[in-house]
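Peer 1: Just entry-v3.txt, nothing more (compact mmCIF, C-alpha atoms):
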```txt
# COMPACT_ATOMS: atom_id res chain seq x y z
CA MET Z 18 22.93 13.10 -9.74
CA LEU Z 19 22.87 11.90 -6.13
CA GLU Z 20 24.89 14.94 -5.07
CA LYS Z 21 22.27 17.20 -6.67
CA LEU Z 22 19.53 15.33 -4.86
CA LYS Z 23 21.34 15.71 -1.55
CA LEU Z 24 21.41 19.47 -2.06
CA LYS Z 25 17.66 19.55 -2.69
CA ILE Z 26 16.69 18.08 0.67
CA PRO Z 27 17.20 19.63 4.12
CA LYS Z 28 20.72 19.15 5.51
CA ASN Z 29 19.54 17.13 8.50
CA GLU Z 30 17.58 14.79 6.19
CA ALA Z 31 20.68 14.30 4.01
CA LYS Z 32 22.76 13.67 7.12
CA ILE Z 33 20.37 10.98 8.40
CA ARG Z 34 20.57 9.32 4.98
CA LYS Z 35 24.36 9.50 4.61
CA THR Z 36 24.96 5.72 4.69
CA ALA Z 37 21.99 5.12 2.39
CA PHE Z 38 23.34 7.68 -0.11
CA ASP Z 39 26.77 6.03 0.08
CA LYS Z 40 25.27 2.61 -0.67
CA ALA Z 41 23.14 4.01 -3.50
CA LYS Z 42 26.25 5.63 -5.01
CA LYS Z 43 28.15 2.33 -4.83
CA TYR Z 44 25.21 0.58 -6.47
CA ILE Z 45 25.06 3.09 -9.33
CA GLU Z 46 28.82 2.76 -9.89
CA GLN Z 47 28.50 -1.03 -10.02
CA ALA Z 48 25.59 -0.78 -12.47
CA SER Z 49 27.60 1.59 -14.65
CA LYS Z 50 30.56 -0.83 -14.70
CA ASN Z 51 28.17 -3.48 -16.02
CA GLY Z 52 26.69 -1.38 -18.82
CA GLY Z 53 23.84 0.21 -16.89
CA LEU Z 54 20.41 -0.85 -15.77
CA ASN Z 55 17.31 -1.50 -17.85
CA ALA Z 56 13.82 -0.59 -16.69
CA THR Z 57 11.99 -1.62 -14.68
CA ALA Z 58 14.30 -1.58 -11.68
CA PHE Z 59 13.45 -0.35 -8.18
CA ASN Z 60 16.04 -0.34 -5.42
CA SER Z 61 15.79 1.05 -1.92
CA PHE Z 62 18.54 1.79 0.56
CA ASN Z 63 17.09 2.19 4.02
CA VAL Z 64 18.72 3.77 7.03
CA LYS Z 65 19.06 0.97 9.53
CA GLY Z 66 17.45 1.58 12.89
CA THR Z 67 14.80 3.83 11.38
CA PRO Z 68 11.31 2.82 10.28
CA ARG Z 69 11.20 4.42 6.82
CA GLU Z 70 14.11 6.76 6.12
CA ARG Z 71 15.70 5.68 2.88
CA VAL Z 72 17.00 6.54 -0.58
CA ASP Z 73 15.10 5.05 -3.55
CA ILE Z 74 16.34 4.44 -7.07
CA GLU Z 75 13.57 3.94 -9.62
CA VAL Z 76 14.31 3.18 -13.27
CA ARG Z 77 10.86 3.38 -14.87
CA THR Z 78 11.77 3.57 -18.57
CA GLY Z 79 14.82 3.17 -20.78
CA ILE Z 80 18.33 2.49 -19.52
CA ALA Z 81 19.98 4.28 -16.61
CA PHE Z 82 23.57 4.64 -15.44
CA VAL Z 83 25.07 3.97 -18.88
CA PRO Z 84 28.85 4.44 -18.66
CA ASP Z 85 30.45 7.41 -20.41
CA LYS Z 86 32.15 6.48 -23.68
CA MET T 9 23.77 -11.74 19.75
CA LYS T 10 21.54 -12.40 16.76
CA THR T 11 22.16 -15.28 14.39
CA HIS T 12 22.18 -14.16 10.79
CA LEU T 13 21.16 -16.67 8.15
CA PHE T 14 23.32 -16.81 5.02
CA PRO T 15 25.72 -14.20 6.48
CA ASN T 16 28.07 -14.32 3.46
CA PHE T 17 25.38 -14.08 0.79
CA LEU T 18 26.85 -10.91 -0.71
CA THR T 19 30.36 -12.30 -1.12
CA ASP T 20 29.68 -15.98 -1.87
CA LYS T 21 27.76 -16.59 -5.12
CA LEU T 22 26.67 -20.10 -4.14
CA GLU T 23 25.41 -18.87 -0.78
CA TYR T 24 23.50 -16.10 -2.59
CA LYS T 25 21.84 -18.64 -4.87
CA ILE T 26 20.87 -20.86 -1.94
CA CYS T 27 19.60 -17.84 0.00
CA LYS T 28 17.45 -16.67 -2.93
CA ASN T 29 16.11 -20.19 -3.34
CA TYR T 30 15.30 -20.25 0.39
CA TRP T 31 13.14 -17.12 0.00
CA GLU T 32 11.46 -18.35 -3.19
CA THR T 33 10.61 -21.74 -1.71
CA LYS T 34 9.11 -20.30 1.47
CA ILE T 35 7.15 -17.51 -0.20
CA GLU T 36 5.84 -19.66 -3.04
CA TYR T 37 4.80 -22.34 -0.54
CA LEU T 38 2.92 -19.75 1.51
CA LEU T 39 1.13 -18.45 -1.59
CA GLN T 40 0.36 -21.91 -2.95
CA LYS T 41 -1.05 -22.99 0.41
CA ASP T 42 -3.59 -20.20 0.11
CA LYS T 43 -4.28 -20.96 -3.55
CA ILE T 44 -2.65 -17.76 -4.75
CA ILE T 45 -1.31 -18.73 -8.14
CA ASN T 46 1.11 -17.43 -10.75
CA PRO T 47 3.23 -14.95 -8.83
CA VAL T 48 5.56 -13.34 -11.38
CA GLN T 49 8.73 -11.28 -11.16
CA TYR T 50 8.00 -7.63 -12.03
CA LEU T 51 11.46 -6.09 -11.61
CA ASN T 52 14.60 -6.39 -13.64
CA THR T 53 17.44 -7.76 -11.51
CA GLN T 54 20.13 -7.96 -14.20
CA TYR T 55 22.60 -5.40 -15.45
CA VAL T 56 22.61 -4.46 -19.12
CA ASN T 57 25.48 -6.91 -19.77
CA GLY T 58 23.24 -9.78 -18.60
CA LEU T 59 24.92 -10.37 -15.25
CA GLU T 60 22.65 -11.00 -12.29
CA GLN T 61 23.01 -8.20 -9.72
CA LEU T 62 23.46 -10.37 -6.59
CA THR T 63 22.97 -7.38 -4.31
CA GLY T 64 19.95 -8.63 -2.37
CA ASN T 65 18.19 -5.43 -3.43
CA PRO T 66 15.77 -7.01 -4.09
CA ILE T 67 16.50 -10.64 -3.21
CA VAL T 68 13.02 -11.62 -4.49
CA ASN T 69 10.09 -9.75 -6.03
CA TYR T 70 6.60 -10.92 -6.95
CA PHE T 71 3.55 -9.43 -8.61
CA ILE T 72 0.30 -11.22 -7.83
CA LYS T 73 -2.21 -10.42 -10.54
CA SER T 74 -5.28 -11.78 -8.74
CA LYS T 75 -4.66 -9.31 -5.88
CA ASN T 76 -3.10 -6.56 -7.98
CA LYS T 77 -0.38 -6.35 -5.37
CA ALA T 78 3.36 -6.68 -5.41
CA LEU T 79 6.00 -7.71 -2.93
CA ARG T 80 9.65 -6.69 -2.86
CA ILE T 81 12.05 -8.16 -0.30
CA ILE T 82 15.43 -6.53 0.25
CA GLN T 83 18.00 -8.48 2.23
CA THR T 84 20.83 -6.33 3.54
CA GLU T 85 24.26 -7.24 4.85
CA PRO T 86 24.53 -8.28 8.52
CA GLU T 87 25.63 -5.14 10.36
CA THR T 88 23.65 -4.98 13.57
CA GLU T 89 23.11 -7.07 16.68
CA THR T 90 19.41 -6.21 16.84
CA VAL T 91 16.34 -7.36 14.94
CA GLU T 92 16.71 -5.13 11.90
CA PHE T 93 13.83 -4.54 9.52
CA SER T 94 11.79 -1.78 7.98
CA ALA T 95 8.77 -1.92 5.71
CA TRP T 96 6.51 0.38 3.74
CA THR T 97 4.00 0.40 0.92
CA ASN T 98 4.77 2.13 -2.35
CA LYS T 99 2.64 3.06 -5.35
CA PHE T 100 4.22 1.38 -8.34
CA GLN T 101 3.36 2.87 -11.71
CA THR T 102 4.99 2.15 -15.04
CA ASP T 103 3.64 1.91 -18.60
CA ASP T 104 3.00 -1.79 -18.03
CA LEU T 105 1.93 -2.01 -14.43
CA ASP T 106 -0.11 0.00 -11.93
CA THR T 107 -0.07 -1.59 -8.51
CA ILE T 108 1.03 -1.13 -4.90
CA GLU T 109 4.05 -2.92 -3.57
CA LEU T 110 4.89 -3.91 -0.04
CA VAL T 111 8.61 -3.44 0.46
CA ILE T 112 10.41 -5.14 3.32
CA SER T 113 14.08 -4.50 4.00
CA LEU T 114 15.77 -6.70 6.56
CA GLU T 115 18.85 -8.37 7.91
CA LEU T 116 17.93 -12.05 7.76
CA THR T 117 17.64 -13.43 11.28
CA PRO T 118 14.95 -15.88 12.44
CA GLU T 119 13.17 -13.01 14.22
CA ALA T 120 13.19 -10.67 11.22
CA GLU T 121 12.09 -13.53 8.98
CA GLN T 122 9.11 -14.19 11.26
CA VAL T 123 8.10 -10.52 11.04
CA THR T 124 8.54 -10.60 7.26
CA PHE T 125 6.27 -13.59 6.78
CA ASP T 126 3.70 -12.05 9.11
CA PHE T 127 3.74 -8.94 6.89
CA ILE T 128 3.46 -11.03 3.71
CA ARG T 129 0.45 -12.92 5.09
CA LYS T 130 -1.28 -9.69 6.11
CA TRP T 131 -0.57 -8.03 2.75
CA ILE T 132 -1.29 -10.88 0.34
CA VAL T 133 -3.38 -13.51 2.11
CA SER T 134 -5.44 -11.29 4.46
CA ASP T 135 -5.46 -8.61 1.73
CA PHE T 136 -4.88 -5.61 4.03
CA SER T 137 -5.30 -2.25 2.29
CA ALA T 138 -2.19 -0.05 2.01
CA SER T 139 -3.35 2.27 4.79
CA VAL T 140 -4.14 -0.60 7.17
CA MET T 141 -0.84 -2.24 6.28
CA GLU T 142 1.05 0.98 7.09
CA LYS T 143 -0.64 1.15 10.50
CA TYR T 144 0.15 -2.49 11.16
CA ILE T 145 3.81 -1.96 10.20
CA ASP T 146 3.99 1.02 12.57
CA TYR T 147 2.49 -1.08 15.36
CA VAL T 148 4.98 -3.91 14.85
CA TYR T 149 7.89 -1.47 14.54
CA GLU T 150 6.92 0.31 17.76
CA ASN T 151 6.91 -3.04 19.52
CA LYS T 152 10.20 -4.06 17.93
CA LYS T 153 11.99 -4.07 21.27
CA SER T 154 9.96 -7.06 22.42
CA LEU T 155 11.39 -9.01 19.47
CA GLN T 156 14.94 -8.40 20.65
CA THR T 157 14.50 -10.57 23.70
CA ALA T 158 11.67 -12.88 22.73
CA ASN T 159 12.34 -16.53 22.14
CA MET T 160 10.92 -16.90 18.64
CA THR T 161 12.23 -20.30 17.57
```
The structure in this file should be written as structure tokens.
Peer 2:
Amino acid sequence: MLEKLKLKIPKNEAKIRKTAFDKAKKYIEQASKNGGLNATAFNSFNVKGTPRERVDIEVRTGIAFVPDK
Amino acid sequence: MKTHLFPNFLTDKLEYKICKNYWETKIEYLLQKDKIINPVQYLNTQYVNGLEQLTGNPIVNYFIKSKNKALRIIQTEPETETVEFSAWTNKFQTDDLDTIELVISLELTPEAEQVTFDFIRKWIVSDFSASVMEKYIDYVYENKKSLQTANMT
């Protein structure tokens, strides 16, 4: 999912957000290990040293990141 | 060199709990002092299996009904030697809630904490609109360098 998102944004924007994407990926993996994440959950991974560049995860309804059976 | 408060909060569960309590006590005192009552948590911070996330993302979150505003504080791991923070406003819409949140992401140092509480006061107590808040955040961020050397004890 994150990989698809990376491909949708300009390369330089993805590059700036590399550490934020890495942290978001780690967070999703951790959530998955613990059964997933119920709504409503908002998480943001900012790029340090920048005013607003970030990656947001927003679970607005249902359950996200449910592990594969 | 900047002094980080609760530097091991992500690896030490007790330190995390104390750190979270530190935020709650200070923010709830600030709100109470200005007679802003009943702040409630609006975000889920547990995994499906019931475990608390303990990621600092967010460390605390509040919705204040009387202002129809929300506040989300993200505390990140100590990684830099500078005053590290960023902030933004975000339209928050779900089936149950339609509000605007102020999001502040920071490494917890005394300087970043001072900026954070200044932002909280402007957002909740002074009731800045989202557009004014954004301009204020930009202004503070542009002057961030002065925080690096200032004595802010």
Peer 1: If you measure from atom CA of Val56 of chain T to atom CA of Glu109 of chain T, what distance in Å do you get, rounded to one decimal?
Peer 2: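 Pair atom CA of Val56 of chain T / atom CA of Glu109 of chain T returns 24.3 Å.
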Peer 1: For atom CA of Ala48 of chain Z and atom CA of Thr53 of chain T, determine how far apart the two atoms are, in Å to one decimal place.
Peer 2: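 Interatomic distance, atom CA of Ala48 of chain Z to atom CA of Thr53 of chain T: 10.8 Å.
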Peer 1: Mind listing as a PyMOL selection string which residues of chain Z are within 10 Å of chain T, counting all atoms listed in the file?
Peer 2: chain Z and resi 44+47-71+75-78+80-83
Peer 1: For Ile128 of chain T, find every residue with an atom within 12 Å (counting only C-alpha atoms), except residues of its own chain fewer than 3 positions away, and show them as an MDAnalysis selection string.
Peer 2: chainID T and resid 34:36 38:39 69:70 72 77:81 95:97 109:112 121:125 131:136 141 144:145
Peer 1: To one decimal place, how far is atom CA of Lys35 of chain Z from atom CA of Ser154 of chain T in Å?
Peer 2: 28.3 Å
Peer 1: Give me the residues within 10 Å of Lys32 of chain Z as a PyMOL selection string, counting only C-alpha atoms and dropping any in the same chain fewer than 6 places off.
Peer 2: chain Z and resi 23+26+38
Peer 1: Check the smallest atom-to-atom distance from each of T:Leu13, T:Asn98, T:Leu62, T:Asp106 to Asn76 of chain T using only C-alpha atoms, then report the winner.
Peer 2: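 Checking each of T:Leu13, T:Asn98, T:Leu62, T:Asp106 against Asn76 of chain T, counting only C-alpha atoms, the winner is T:Asp106.
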Peer 1: Dig up all the protein and nucleic acid residues within 10 Å of (21.2, 10.4, -0.3) in the file frame, using only C-alpha atoms, and format them as a ChimeraX atom specification.
Peer 2: /Z:18-24,26,30-42,62,71-73
Peer 1: What would segment 87-98 of chain T look like with all heavy atoms restored, written as a CSV table (one decimal), keeping the file's coordinate frame?
Peer 2:
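Result file is rebuild32.csv:
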```csv
chain,number,residue,atom,x,y,z
T,87,GLU,N,24.8,-6.3,9.8
T,87,GLU,CA,25.6,-5.1,10.4
T,87,GLU,C,25.3,-4.9,11.8
T,87,GLU,O,26.0,-4.2,12.5
T,87,GLU,CB,25.4,-3.8,9.6
T,87,GLU,CG,26.0,-3.8,8.2
T,87,GLU,CD,25.7,-2.5,7.4
T,87,GLU,OE1,24.5,-2.1,7.5
T,87,GLU,OE2,26.6,-2.0,6.8
T,88,THR,N,24.1,-5.4,12.2
T,88,THR,CA,23.6,-5.0,13.6
T,88,THR,C,23.5,-6.2,14.4
T,88,THR,O,23.4,-7.4,13.9
T,88,THR,CB,22.3,-4.2,13.5
T,88,THR,OG1,21.3,-5.1,13.0
T,88,THR,CG2,22.4,-3.1,12.6
T,89,GLU,N,23.3,-6.0,15.7
T,89,GLU,CA,23.1,-7.1,16.7
T,89,GLU,C,21.7,-7.1,17.1
T,89,GLU,O,21.3,-7.7,18.1
T,89,GLU,CB,24.0,-6.9,17.9
T,89,GLU,CG,25.5,-7.1,17.5
T,89,GLU,CD,25.9,-8.5,17.0
T,89,GLU,OE1,25.2,-9.4,17.4
T,89,GLU,OE2,26.8,-8.6,16.2
T,90,THR,N,20.8,-6.3,16.5
T,90,THR,CA,19.4,-6.2,16.8
T,90,THR,C,18.6,-6.8,15.7
T,90,THR,O,19.1,-7.2,14.7
T,90,THR,CB,19.0,-4.7,17.0
T,90,THR,OG1,19.2,-4.1,15.8
T,90,THR,CG2,19.8,-4.1,18.1
T,91,VAL,N,17.2,-6.9,16.0
T,91,VAL,CA,16.3,-7.4,14.9
T,91,VAL,C,16.1,-6.2,14.0
T,91,VAL,O,15.5,-5.2,14.4
T,91,VAL,CB,15.0,-7.8,15.5
T,91,VAL,CG1,14.1,-8.3,14.4
T,91,VAL,CG2,15.2,-8.9,16.5
T,92,GLU,N,16.7,-6.3,12.8
T,92,GLU,CA,16.7,-5.1,11.9
T,92,GLU,C,15.8,-5.3,10.7
T,92,GLU,O,15.9,-6.3,9.9
T,92,GLU,CB,18.1,-4.9,11.4
T,92,GLU,CG,18.3,-3.8,10.3
T,92,GLU,CD,17.8,-2.5,10.7
T,92,GLU,OE1,18.0,-2.1,11.9
T,92,GLU,OE2,17.1,-1.8,9.9
T,93,PHE,N,14.7,-4.5,10.7
T,93,PHE,CA,13.8,-4.5,9.5
T,93,PHE,C,13.1,-3.2,9.4
T,93,PHE,O,13.0,-2.4,10.4
T,93,PHE,CB,12.8,-5.6,9.7
T,93,PHE,CG,11.8,-5.4,10.8
T,93,PHE,CD1,10.6,-4.7,10.5
T,93,PHE,CD2,12.0,-5.8,12.0
T,93,PHE,CE1,9.7,-4.4,11.5
T,93,PHE,CE2,11.1,-5.5,13.1
T,93,PHE,CZ,9.9,-4.8,12.8
T,94,SER,N,12.7,-2.9,8.2
T,94,SER,CA,11.8,-1.8,8.0
T,94,SER,C,10.9,-2.2,6.8
T,94,SER,O,11.3,-3.0,6.0
T,94,SER,CB,12.5,-0.5,7.7
T,94,SER,OG,13.3,-0.6,6.6
T,95,ALA,N,9.7,-1.6,6.8
T,95,ALA,CA,8.8,-1.9,5.7
T,95,ALA,C,7.9,-0.7,5.4
T,95,ALA,O,7.7,0.1,6.2
T,95,ALA,CB,7.9,-3.1,6.2
T,96,TRP,N,7.4,-0.7,4.2
T,96,TRP,CA,6.5,0.4,3.7
T,96,TRP,C,5.7,-0.1,2.5
T,96,TRP,O,6.1,-1.1,1.8
T,96,TRP,CB,7.3,1.6,3.4
T,96,TRP,CG,8.4,1.5,2.4
T,96,TRP,CD1,8.2,1.7,1.0
T,96,TRP,CD2,9.7,1.0,2.5
T,96,TRP,NE1,9.4,1.5,0.4
T,96,TRP,CE2,10.3,1.0,1.2
T,96,TRP,CE3,10.5,0.6,3.6
T,96,TRP,CZ2,11.7,0.6,1.0
T,96,TRP,CZ3,11.8,0.2,3.4
T,96,TRP,CH2,12.4,0.2,2.1
T,97,THR,N,4.7,0.7,2.2
T,97,THR,CA,4.0,0.4,0.9
T,97,THR,C,4.4,1.5,-0.1
T,97,THR,O,4.7,2.6,0.4
T,97,THR,CB,2.5,0.4,1.1
T,97,THR,OG1,2.0,1.6,1.6
T,97,THR,CG2,2.0,-0.8,2.0
T,98,ASN,N,4.3,1.2,-1.3
T,98,ASN,CA,4.8,2.1,-2.4
T,98,ASN,C,3.9,2.0,-3.6
T,98,ASN,O,3.7,0.9,-4.1
T,98,ASN,CB,6.3,1.8,-2.7
T,98,ASN,CG,6.9,2.8,-3.7
T,98,ASN,OD1,6.7,4.0,-3.6
T,98,ASN,ND2,7.6,2.2,-4.6
```
